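Student: Below is the file entry21.cif, with mmCIF, C-alpha atoms and all ligand atoms.
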data_target
#
loop_
_atom_site.label_atom_id
_atom_site.label_comp_id
_atom_site.auth_asym_id
_atom_site.auth_seq_id
_atom_site.Cartn_x
_atom_site.Cartn_y
_atom_site.Cartn_z
CA MET A 14 37.99 126.00 140.26
CA GLU A 15 39.54 124.87 143.59
CA LYS A 16 39.73 121.30 142.27
CA LEU A 17 41.55 122.39 139.12
CA ILE A 18 44.05 124.45 141.06
CA GLU A 19 44.66 121.50 143.42
CA LYS A 20 45.21 119.26 140.39
CA ALA A 21 47.70 121.75 138.90
CA LYS A 22 49.58 122.01 142.22
CA LYS A 23 49.92 118.23 142.44
CA THR A 24 50.36 117.06 138.86
CA HIS A 25 51.61 120.20 137.06
CA LEU A 26 49.34 119.23 134.19
CA LEU A 27 46.28 121.04 132.84
CA THR A 28 44.52 120.67 129.52
CA LYS A 29 44.02 123.60 127.18
CA GLU A 30 40.34 123.76 128.15
CA GLU A 31 41.22 123.80 131.86
CA LEU A 32 43.75 126.61 131.30
CA VAL A 33 41.18 128.68 129.41
CA PHE A 34 38.64 128.09 132.18
CA LEU A 35 41.07 129.36 134.83
CA LEU A 36 42.13 132.35 132.73
CA GLN A 37 38.54 133.43 132.15
CA ASP A 38 37.46 134.49 135.57
CA GLU A 39 38.83 137.55 137.38
CA LYS A 40 38.05 135.93 140.74
CA ASN A 41 40.62 133.20 140.04
CA LEU A 42 43.46 135.71 140.23
CA ILE A 43 44.22 135.54 143.97
CA PRO A 44 43.82 131.74 144.32
CA LEU A 45 46.10 131.24 141.31
CA LEU A 46 48.77 133.61 142.64
CA ASP A 47 48.63 131.92 146.06
CA ALA A 48 48.96 128.44 144.54
CA ALA A 49 51.84 129.55 142.31
CA ASN A 50 53.56 131.11 145.33
CA GLU A 51 53.36 127.79 147.20
CA VAL A 52 54.74 125.85 144.23
CA ARG A 53 57.52 128.42 143.80
CA LYS A 54 58.53 128.01 147.45
CA THR A 55 58.57 124.22 147.20
CA TYR A 56 60.51 123.94 143.94
CA VAL A 57 62.84 126.97 143.79
CA GLY A 58 62.84 128.26 147.39
CA ASP A 59 62.86 131.77 148.79
CA GLU A 60 65.88 133.15 146.98
CA ILE A 61 65.34 135.86 144.41
CA HIS A 62 68.05 135.91 141.75
CA LEU A 63 69.21 139.26 140.40
CA ARG A 64 70.39 139.76 136.84
CA GLY A 65 72.04 143.00 135.74
CA LEU A 66 70.41 144.08 132.46
CA ILE A 67 72.57 145.93 129.94
CA GLU A 68 70.64 147.32 126.96
CA PHE A 69 73.61 147.80 124.67
CA SER A 70 71.97 148.86 121.38
CA ASN A 71 68.54 150.10 120.37
CA PHE A 72 69.08 149.65 116.63
CA CYS A 73 66.73 147.05 115.20
CA LYS A 74 66.27 145.72 111.70
CA ASN A 75 62.84 144.35 112.55
CA ASN A 76 59.53 146.14 112.59
CA CYS A 77 57.39 144.49 115.29
CA LEU A 78 54.20 146.53 115.45
CA TYR A 79 54.16 146.68 119.25
CA CYS A 80 57.75 147.75 119.89
CA GLY A 81 59.22 151.23 120.23
CA LEU A 82 62.56 150.04 118.83
CA ARG A 83 60.97 148.99 115.49
CA ARG A 84 62.97 150.24 112.52
CA ASP A 85 60.20 152.53 111.25
CA ASN A 86 60.14 154.51 114.48
CA LYS A 87 62.09 157.48 113.16
CA LYS A 88 61.42 159.54 116.31
CA LEU A 89 63.78 157.42 118.38
CA SER A 90 67.44 158.48 118.77
CA ARG A 91 69.53 155.38 118.20
CA TYR A 92 72.63 154.40 120.16
CA ARG A 93 74.98 151.49 120.39
CA MET A 94 77.65 151.03 123.05
CA ASP A 95 81.19 150.17 122.09
CA GLU A 96 82.72 146.89 123.22
CA GLU A 97 84.76 148.47 126.03
CA THR A 98 81.69 150.21 127.46
CA ILE A 99 79.69 146.97 127.48
CA ILE A 100 82.47 145.07 129.22
CA SER A 101 83.09 147.86 131.72
CA LEU A 102 79.37 147.88 132.57
CA ALA A 103 79.59 144.14 133.18
CA GLN A 104 82.56 144.80 135.49
CA HIS A 105 80.46 147.42 137.28
CA ALA A 106 77.67 144.84 137.62
CA LYS A 107 80.16 142.43 139.19
CA ASP A 108 81.40 145.13 141.58
CA MET A 109 77.78 145.73 142.62
CA GLY A 110 77.45 142.02 143.48
CA PHE A 111 75.63 140.67 140.42
CA LYS A 112 76.52 137.11 139.41
CA THR A 113 74.70 137.26 136.06
CA VAL A 114 74.48 139.92 133.38
CA VAL A 115 71.95 139.97 130.56
CA LEU A 116 72.95 141.61 127.28
CA GLN A 117 69.88 142.80 125.41
CA SER A 118 69.44 144.74 122.17
CA GLY A 119 67.39 145.15 119.06
CA GLU A 120 68.49 143.00 116.16
CA ASP A 121 71.54 145.12 115.31
CA LEU A 122 73.66 143.77 112.45
CA HIS A 123 76.64 145.87 113.58
CA PHE A 124 77.16 143.25 116.28
CA ASN A 125 78.26 140.42 113.99
CA THR A 126 79.37 137.04 115.31
CA GLU A 127 83.00 138.09 115.68
CA ARG A 128 82.13 141.21 117.71
CA MET A 129 79.61 139.36 119.85
CA CYS A 130 82.08 136.56 120.59
CA ARG A 131 84.73 139.11 121.65
CA ILE A 132 82.25 140.73 124.02
CA ILE A 133 81.09 137.36 125.38
CA LYS A 134 84.69 136.28 126.07
CA GLY A 135 85.47 139.62 127.74
CA ILE A 136 82.50 139.23 130.07
CA LYS A 137 83.16 135.57 130.82
CA GLU A 138 86.70 136.47 131.90
CA LEU A 139 85.05 138.39 134.75
CA GLY A 140 83.57 135.14 136.08
CA LEU A 141 79.95 136.14 135.48
CA ALA A 142 77.11 134.02 134.11
CA LEU A 143 75.98 135.53 130.82
CA THR A 144 72.55 135.67 129.24
CA LEU A 145 72.00 136.94 125.70
CA SER A 146 68.77 138.45 124.41
CA ILE A 147 69.63 139.62 120.92
CA GLY A 148 66.99 137.97 118.78
CA GLU A 149 66.96 135.49 115.92
CA LYS A 150 70.28 134.09 114.68
CA THR A 151 71.37 130.98 112.80
CA LYS A 152 72.15 127.78 114.68
CA GLU A 153 75.82 128.32 113.78
CA GLU A 154 75.80 131.77 115.38
CA TYR A 155 74.15 130.43 118.53
CA ALA A 156 76.79 127.67 118.60
CA ALA A 157 79.58 130.26 118.26
CA TYR A 158 78.20 132.32 121.17
CA LYS A 159 77.97 129.15 123.28
CA GLN A 160 81.51 128.22 122.35
CA ALA A 161 82.62 131.72 123.39
CA GLY A 162 81.02 131.16 126.80
CA ALA A 163 77.38 132.36 126.70
CA ASP A 164 75.31 130.40 129.21
CA ARG A 165 71.69 131.44 128.67
CA TYR A 166 69.48 132.91 125.97
CA LEU A 167 66.17 134.76 126.17
CA ILE A 168 63.91 134.80 123.14
CA ARG A 169 60.19 135.10 123.61
CA ILE A 170 57.90 133.33 121.19
CA GLU A 171 55.70 136.45 121.76
CA THR A 172 52.56 134.46 120.83
CA THR A 173 51.82 130.95 119.60
CA ASP A 174 48.90 132.26 117.52
CA LYS A 175 50.47 132.17 114.06
CA LYS A 176 48.00 134.64 112.56
CA LEU A 177 48.57 137.10 115.42
CA TYR A 178 52.33 136.68 115.02
CA ALA A 179 52.14 137.29 111.27
CA ASP A 180 50.02 140.42 111.86
CA ASN A 181 52.34 141.87 114.50
CA ASP A 182 55.76 140.80 113.27
CA PRO A 183 55.85 141.67 109.57
CA GLY A 184 58.70 140.11 107.62
CA MET A 185 59.33 137.55 110.35
CA SER A 186 58.33 133.89 110.46
CA TRP A 187 56.77 132.15 113.45
CA GLU A 188 58.28 128.83 112.38
CA GLU A 189 61.77 130.35 112.24
CA ARG A 190 61.36 131.84 115.70
CA ALA A 191 60.19 128.49 117.06
CA ASP A 192 63.22 126.87 115.36
CA CYS A 193 65.52 129.36 117.13
CA ILE A 194 64.01 128.26 120.45
CA ARG A 195 64.50 124.57 119.63
CA ASN A 196 68.06 125.15 118.37
CA LEU A 197 69.04 126.99 121.54
CA LYS A 198 67.72 124.13 123.68
CA ALA A 199 69.55 121.56 121.56
CA LEU A 200 72.80 123.50 121.98
CA GLY A 201 72.52 123.20 125.77
CA TYR A 202 71.67 126.79 126.59
CA GLU A 203 69.60 127.52 129.63
CA LEU A 204 66.60 128.57 127.56
CA GLY A 205 64.32 131.49 128.29
CA SER A 206 61.18 132.32 126.37
CA GLY A 207 57.86 133.96 127.08
CA CYS A 208 54.98 135.86 125.57
CA LEU A 209 53.25 139.19 125.39
CA VAL A 210 49.83 139.41 127.02
CA GLY A 211 47.12 141.80 125.86
CA LEU A 212 47.93 142.17 122.16
CA PRO A 213 44.91 143.27 120.10
CA ASN A 214 42.85 140.22 119.00
CA GLN A 215 44.73 137.85 121.31
CA THR A 216 42.44 135.18 122.76
CA LEU A 217 42.52 133.24 126.03
CA SER A 218 42.75 130.11 123.93
CA SER A 219 46.02 131.34 122.38
CA LEU A 220 47.39 132.27 125.81
CA ALA A 221 46.62 128.72 126.97
CA ASP A 222 48.55 127.48 123.92
CA ASP A 223 51.46 129.74 124.88
CA ILE A 224 51.71 128.08 128.31
CA LEU A 225 51.55 124.60 126.77
CA PHE A 226 54.23 125.65 124.24
CA PHE A 227 56.58 126.63 127.11
CA LYS A 228 56.18 123.12 128.53
CA GLU A 229 56.51 121.40 125.16
CA THR A 230 59.74 123.26 124.30
CA ASP A 231 61.13 122.46 127.76
CA CYS A 232 61.94 126.05 128.70
CA ASP A 233 64.10 126.81 131.73
CA MET A 234 62.93 130.42 132.20
CA ILE A 235 59.75 132.22 131.18
CA GLY A 236 59.09 135.97 131.15
CA ILE A 237 55.49 137.12 130.76
CA GLY A 238 55.17 140.70 129.55
CA PRO A 239 51.99 142.73 129.60
CA PHE A 240 51.84 144.57 126.27
CA ILE A 241 52.10 148.34 126.84
CA PRO A 242 51.20 150.47 123.79
CA HIS A 243 53.97 152.77 122.62
CA PRO A 244 52.87 156.15 121.18
CA ASP A 245 55.23 155.98 118.20
CA THR A 246 54.06 152.59 116.92
CA PRO A 247 51.08 151.42 114.85
CA LEU A 248 49.55 149.92 118.02
CA LYS A 249 49.54 153.27 119.86
CA ASP A 250 45.74 153.24 120.30
CA ALA A 251 45.49 149.62 121.38
CA GLU A 252 44.24 148.88 124.88
CA GLY A 253 46.94 146.57 126.28
CA LYS A 254 48.08 147.02 129.90
CA LYS A 255 46.45 143.81 131.11
CA LEU A 256 48.35 143.34 134.37
CA ASN A 257 45.93 140.91 136.04
CA LEU A 258 45.69 138.69 132.99
CA SER A 259 49.50 138.70 132.73
CA LEU A 260 49.77 137.70 136.39
CA LYS A 261 47.34 134.83 135.78
CA VAL A 262 49.36 133.59 132.79
CA MET A 263 52.51 133.84 134.93
CA ALA A 264 50.93 131.95 137.85
CA LEU A 265 49.68 129.18 135.55
CA THR A 266 53.14 128.96 134.00
CA ARG A 267 54.62 128.39 137.49
CA LEU A 268 51.99 125.72 138.21
CA LEU A 269 52.78 123.81 135.03
CA LEU A 270 56.56 124.37 134.97
CA PRO A 271 57.31 124.28 138.71
CA ASP A 272 61.12 124.28 138.72
CA ILE A 273 61.94 126.99 136.16
CA ASN A 274 63.01 130.59 136.75
CA ILE A 275 60.34 133.26 136.31
CA PRO A 276 61.15 136.98 136.39
CA ALA A 277 58.88 139.63 137.82
CA THR A 278 59.04 141.62 134.60
CA THR A 279 59.74 145.34 134.40
CA ALA A 280 56.60 145.77 132.29
CA MET A 281 54.53 144.46 135.23
CA GLU A 282 56.19 147.00 137.54
CA THR A 283 55.59 149.73 134.98
CA LEU A 284 51.83 149.13 135.04
CA ALA A 285 51.42 149.35 138.81
CA PRO A 286 53.66 150.34 141.72
CA ASP A 287 52.99 146.94 143.27
CA GLY A 288 53.16 144.99 139.99
CA GLN A 289 56.54 143.46 140.78
CA THR A 290 55.54 142.63 144.36
CA LYS A 291 52.40 140.87 143.15
CA ALA A 292 54.51 138.89 140.68
CA LEU A 293 57.04 137.91 143.39
CA ASN A 294 54.15 136.78 145.60
CA GLY A 295 52.61 134.86 142.70
CA GLY A 296 55.32 132.58 141.38
CA ALA A 297 58.22 134.82 140.28
CA ASN A 298 61.77 134.31 141.63
CA VAL A 299 63.95 136.58 139.46
CA ILE A 300 64.39 140.34 139.04
CA MET A 301 66.40 141.97 136.27
CA PRO A 302 67.45 145.44 137.47
CA ASN A 303 68.48 147.71 134.66
CA ILE A 304 72.13 148.73 134.88
CA THR A 305 72.32 150.45 131.49
CA LEU A 306 74.11 153.81 131.74
CA THR A 307 71.49 156.46 132.49
CA ASP A 308 72.54 158.50 129.44
CA PHE A 309 71.42 155.68 127.15
CA ARG A 310 68.54 154.33 129.15
CA GLN A 311 65.97 156.88 128.01
CA TYR A 312 66.39 155.69 124.43
CA TYR A 313 65.74 152.00 125.05
CA GLN A 314 62.00 152.40 124.71
CA LEU A 315 60.40 149.04 124.05
CA TYR A 316 57.34 150.63 125.67
CA PRO A 317 56.73 153.95 127.44
CA GLY A 318 57.16 154.70 131.14
CA LYS A 319 59.70 152.04 132.09
CA THR A 320 59.89 152.52 135.83
CA THR A 321 63.61 152.74 136.35
CA THR A 322 64.18 155.56 133.86
CA GLY A 323 66.08 158.27 135.69
CA TYR A 324 67.54 156.23 138.52
CA THR A 325 71.25 155.61 138.64
CA PRO A 326 72.10 151.89 138.40
CA ASP A 327 73.19 151.73 142.05
CA ALA A 328 69.99 153.35 143.31
CA THR A 329 67.95 150.90 141.23
CA LEU A 330 69.69 147.98 142.86
CA GLN A 331 69.26 149.22 146.42
CA LYS A 332 65.55 149.75 145.80
CA VAL A 333 65.23 146.16 144.60
CA ILE A 334 67.19 144.67 147.53
CA ASP A 335 65.04 146.63 150.00
CA LYS A 336 61.93 145.21 148.36
CA ILE A 337 63.23 141.64 148.55
CA HIS A 338 63.94 141.98 152.27
CA PHE A 339 60.59 143.65 152.85
CA LEU A 340 58.93 140.58 151.30
CA GLY A 341 60.84 138.30 153.71
CA ARG A 342 62.81 136.75 150.87
CA THR A 343 66.59 136.58 150.34
CA VAL A 344 68.90 137.66 147.54
CA GLY A 345 70.35 134.66 145.67
CA LEU A 346 74.11 134.48 146.19
CA GLY A 347 74.99 131.94 143.49
CA TYR A 348 74.58 132.00 139.71
CA GLY A 349 70.90 131.17 140.09
CA GLU A 350 70.53 128.54 137.38
CA SER A 351 67.02 127.10 137.24
CA PRO A 352 66.70 123.76 139.04
CA HIS A 353 65.01 122.52 135.86
CA TRP A 354 68.16 123.11 133.79
CA LEU A 355 70.50 121.85 136.52
CA LYS A 356 68.59 118.56 136.69
CA GLU A 357 69.10 118.06 132.94
CA GLN A 358 72.88 118.44 133.37
CA CYS A 359 73.13 115.39 135.66
N1 LIG A 401 65.14 142.17 119.97
C1 LIG A 401 65.13 141.07 120.87
C2 LIG A 401 65.27 141.48 122.33
C3 LIG A 401 64.75 142.85 122.72
S1 LIG A 401 63.02 143.01 122.71
C4 LIG A 401 63.86 140.24 120.68
O1 LIG A 401 62.90 140.76 120.14
O2 LIG A 401 63.88 139.08 121.08
C5 LIG A 401 62.61 142.21 124.24
C6 LIG A 401 61.14 141.98 124.47
O3 LIG A 401 60.46 143.23 124.65
C7 LIG A 401 60.38 141.35 123.32
O4 LIG A 401 60.53 139.96 123.32
C8 LIG A 401 58.95 141.79 123.58
O5 LIG A 401 58.19 140.74 124.18
C9 LIG A 401 59.09 142.96 124.58
N2 LIG A 401 58.34 144.14 124.12
C10 LIG A 401 58.49 144.80 122.96
N3 LIG A 401 57.57 145.79 122.86
C11 LIG A 401 56.82 145.74 123.99
C12 LIG A 401 55.69 146.48 124.46
N4 LIG A 401 55.16 147.46 123.76
N5 LIG A 401 55.18 146.17 125.67
C13 LIG A 401 55.73 145.18 126.41
N6 LIG A 401 56.78 144.44 126.02
C14 LIG A 401 57.33 144.70 124.81
FE1 LIG A 402 63.30 144.61 117.40
FE2 LIG A 402 62.90 142.96 119.49
FE3 LIG A 402 61.56 145.29 119.27
FE4 LIG A 402 60.97 143.32 117.57
S1 LIG A 402 60.68 143.27 119.84
S2 LIG A 402 61.31 145.49 117.02
S3 LIG A 402 62.99 142.37 117.29
S4 LIG A 402 63.73 145.03 119.58
#
Could you quickly redo this structure as structure tokens?
Ligand code: SAH
Ligand code: SF4
Tutor:
Amino acid sequence: MEKLIEKAKKTHLLTKEELVFLLQDEKNLIPLLDAANEVRKTYVGDEIHLRGLIEFSNFCKNNCLYCGLRRDNKKLSRYRMDEETIISLAQHAKDMGFKTVVLQSGEDLHFNTERMCRIIKGIKELGLALTLSIGEKTKEEYAAYKQAGADRYLIRIETTDKKLYADNDPGMSWEERADCIRNLKALGYELGSGCLVGLPNQTLSSLADDILFFKETDCDMIGIGPFIPHPDTPLKDAEGKKLNLSLKVMALTRLLLPDINIPATTAMETLAPDGQTKALNGGANVIMPNITLTDFRQYYQLYPGKTTTGYTPDATLQKVIDKIHFLGRTVGLGYGESPHWLKEQC
């Protein structure tokens, strides 16, 4: 085990079998987190980049079995913000000191290309870096957003196990999602992807494939989310909540993709009060505080118990900054592009 971790730290290469071997054993958790922390420090330094997350619509045309926003969840009250509200929240994010905002939503057809481009331009006029996380679109739409000024895009592959994907994402196609990821990269976006960990019937072998897929598609950011069952979805009785396994997948991702950005995900924090701290000490270098208006926030229920529900945006931010200082790290003052992406621009 020590030899494999040493190899990963030096070469940033592991075979699928080696990844599975390291994922198997619970006792590998701490050594993996420590190794990932070292690699993080060497390649991306001590800064933690903050992104202000705006969840601007919880309407979704898709029906992912794991997600509380799925269209068949009739218990959820739906909302969408108007364009002025979204832009004024971005202004608020800027006033609070954020350099990047992330616009996230379900796949809401109300926000057609024209509307999205207006919003993107409005936000870019504020001088912020802008990340979109609004799901699957055509290459032309992605090109239009880029033209309007969008810098980054987050779209998780969710799983590379095609059968698992077909079971959990009815009406969607794994190949089309993978094409979206490739199209975004080709268009020059700083590309974020990631996976869910702990889905029913997910294997360690498929998680190893996920990590290799991130490398193969040349991702610049990777978010690893522990699956948390939502009571109003078909997966309500599933086990999920695999924090330690998620942390191992995250640490191995840092070892194999040393110079990318990796968020300490909110789902990790939701599962344990120290989930985010463990992630930050195990390879993560980004936090995405939620700055959605509190009135709306309770309705953006991808999964239950999201930790920041109830806090005002400003209180959320202060809590995060205190944590960063407590860990002896610093808040990133620039746009916080991943060194991986910056290198490709030269
Ligand atoms: N609709 C867009 C963006 C919003 S969903 C998209 O799907 O890409 C953002 C992420 O939430 C998804 O990629 C998924 O990985 C995560 N998610 C959904 N349901 C979840 C659950 N029950 N537990 C943990 N993460 C979940
Ligand atoms: Fe919609 Fe995204 Fe949830 Fe799937 S994961 S139902 S696409 S919001």
Student: At a cut-off of 8 Å, can you tabulate as a tab-separated table every residue of chain A near ligand LIG 402 (chain A) together with its closest atom pair and the distance in Å to one decimal, using all atoms listed in the file and ordering rows by chain then number?
Tutor:
residue	atom	partner	partner_atom	distance
A:Asn71	CA	A:LIG402	S4	7.0
A:Phe72	CA	A:LIG402	S4	7.7
A:Cys73	CA	A:LIG402	FE1	4.7
A:Lys74	CA	A:LIG402	FE1	6.5
A:Asn75	CA	A:LIG402	S2	4.9
A:Asn76	CA	A:LIG402	S2	4.8
A:Cys77	CA	A:LIG402	S2	4.4
A:Leu78	CA	A:LIG402	S2	7.4
A:Tyr79	CA	A:LIG402	S1	7.4
A:Cys80	CA	A:LIG402	FE3	4.6
A:Gly81	CA	A:LIG402	FE3	6.5
A:Leu82	CA	A:LIG402	FE3	4.9
A:Arg83	CA	A:LIG402	S2	3.8
A:Arg84	CA	A:LIG402	S2	6.8
A:Ser118	CA	A:LIG402	S4	6.3
A:Gly119	CA	A:LIG402	S4	3.7
A:Glu120	CA	A:LIG402	FE1	5.6
A:Ile147	CA	A:LIG402	FE2	7.6
A:Gly148	CA	A:LIG402	S3	6.1
A:Asp182	CA	A:LIG402	FE4	7.2
A:Leu315	CA	A:LIG402	FE3	6.2
Student: Could you dump the residues just selected with C-alpha atoms as a PDB file, in the coordinates of the input?
Tutor:
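Here's the written file out_22.pdb:
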ATOM      1  CA  ASN A  71      68.540 150.100 120.370  1.00  0.00           C
ATOM      2  CA  PHE A  72      69.080 149.650 116.630  1.00  0.00           C
ATOM      3  CA  CYS A  73      66.730 147.050 115.200  1.00  0.00           C
ATOM      4  CA  LYS A  74      66.270 145.720 111.700  1.00  0.00           C
ATOM      5  CA  ASN A  75      62.840 144.350 112.550  1.00  0.00           C
ATOM      6  CA  ASN A  76      59.530 146.140 112.590  1.00  0.00           C
ATOM      7  CA  CYS A  77      57.390 144.490 115.290  1.00  0.00           C
ATOM      8  CA  LEU A  78      54.200 146.530 115.450  1.00  0.00           C
ATOM      9  CA  TYR A  79      54.160 146.680 119.250  1.00  0.00           C
ATOM     10  CA  CYS A  80      57.750 147.750 119.890  1.00  0.00           C
ATOM     11  CA  GLY A  81      59.220 151.230 120.230  1.00  0.00           C
ATOM     12  CA  LEU A  82      62.560 150.040 118.830  1.00  0.00           C
ATOM     13  CA  ARG A  83      60.970 148.990 115.490  1.00  0.00           C
ATOM     14  CA  ARG A  84      62.970 150.240 112.520  1.00  0.00           C
ATOM     15  CA  SER A 118      69.440 144.740 122.170  1.00  0.00           C
ATOM     16  CA  GLY A 119      67.390 145.150 119.060  1.00  0.00           C
ATOM     17  CA  GLU A 120      68.490 143.000 116.160  1.00  0.00           C
ATOM     18  CA  ILE A 147      69.630 139.620 120.920  1.00  0.00           C
ATOM     19  CA  GLY A 148      66.990 137.970 118.780  1.00  0.00           C
ATOM     20  CA  ASP A 182      55.760 140.800 113.270  1.00  0.00           C
ATOM     21  CA  LEU A 315      60.400 149.040 124.050  1.00  0.00           C
TER      22      LEU A 315
END
Student: Hey, what's within 12 Å of Asp180 (chain A) if we count all atoms listed in the file and toss same-chain stuff fewer than 3 positions away? As an mmCIF file with C-alpha atoms, in the frame of the given file, please?
Tutor:
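Okay, part.cif is ready:
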data_model
loop_
_atom_site.group_PDB
_atom_site.id
_atom_site.type_symbol
_atom_site.label_atom_id
_atom_site.label_comp_id
_atom_site.auth_asym_id
_atom_site.auth_seq_id
_atom_site.Cartn_x
_atom_site.Cartn_y
_atom_site.Cartn_z
ATOM 1 C CA ASN A 76 59.530 146.140 112.590
ATOM 2 C CA CYS A 77 57.390 144.490 115.290
ATOM 3 C CA LEU A 78 54.200 146.530 115.450
ATOM 4 C CA TYR A 79 54.160 146.680 119.250
ATOM 5 C CA THR A 172 52.560 134.460 120.830
ATOM 6 C CA ASP A 174 48.900 132.260 117.520
ATOM 7 C CA LYS A 175 50.470 132.170 114.060
ATOM 8 C CA LYS A 176 48.000 134.640 112.560
ATOM 9 C CA LEU A 177 48.570 137.100 115.420
ATOM 10 C CA PRO A 183 55.850 141.670 109.570
ATOM 11 C CA GLY A 184 58.700 140.110 107.620
ATOM 12 C CA MET A 185 59.330 137.550 110.350
ATOM 13 C CA SER A 186 58.330 133.890 110.460
ATOM 14 C CA TRP A 187 56.770 132.150 113.450
ATOM 15 C CA LEU A 212 47.930 142.170 122.160
ATOM 16 C CA PRO A 213 44.910 143.270 120.100
ATOM 17 C CA ASN A 214 42.850 140.220 119.000
ATOM 18 C CA GLN A 215 44.730 137.850 121.310
ATOM 19 C CA PRO A 247 51.080 151.420 114.850
ATOM 20 C CA LEU A 248 49.550 149.920 118.020
#
Student: Using all atoms listed in the file, list the residues that have an atom at most 10 Å from (61.1, 124.9, 127.8), coordinates as in the file, as a PyMOL selection string.
Tutor: chain A and resi 194-195+198+203-207+224-235+270+273+353-354
Student: Do you know which residues lie at most 12 Å from (81.0, 146.3, 115.7), with coordinates as in the file and only C-alpha atoms counted, and could you write them as a PyMOL selection string?
Tutor: chain A and resi 69-70+93-97+99+121-132
Student: Taking all atoms listed in the file into account, which of A:Asn294, A:Asn50, A:Gln117, A:Thr28 comes nearest ligand LIG 401 (chain A)?
Tutor: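 Closest to ligand LIG 401 (chain A), using all atoms listed in the file: A:Gln117.
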Student: How many Å lie between CA of Glu171 (chain A) and CA of Leu26 (chain A), rounded to one decimal?
Tutor: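 Distance between the two atoms: 22.2 Å.
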Student: Quick one: distance from CA of Leu256 (chain A) to CA of Ile241 (chain A) in Å, one decimal?
Tutor: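 Spanning CA of Leu256 (chain A) to CA of Ile241 (chain A) is a straight-line distance of 9.8 Å.
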Student: I need the residue nearest ligand LIG 401 (chain A) from this list: A:Ala179, A:Leu17, A:Ile168, A:Leu330. Use only C-alpha atoms and all ligand atoms for the distance.
Tutor: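 Closest to ligand LIG 401 (chain A) of all the choices is A:Ile168.
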Student: Rank A:Leu45, A:Ile18, A:Cys193, A:Leu293 by their smallest atom-to-atom distance to ligand LIG 401 (chain A), using only C-alpha atoms and all ligand atoms, and report the top residue only.
Tutor: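 Of the candidates, the smallest distance to ligand LIG 401 (chain A) is held by A:Cys193.
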Student: Smallest atom-to-atom distance to Ala199 (chain A): which of A:Lys107, A:Lys112, A:Ile133, A:Glu357, using all atoms listed in the file?
Tutor: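 The closest residue to Ala199 (chain A) is A:Glu357.
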Student: Here is a test: counting only C-alpha atoms, which residue of A:Pro352, A:Gly65, A:Pro286, A:Gly238 is nearest to Ile304 (chain A)?
Tutor: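 The shortest atom-to-atom distance to Ile304 (chain A) comes from A:Gly65.
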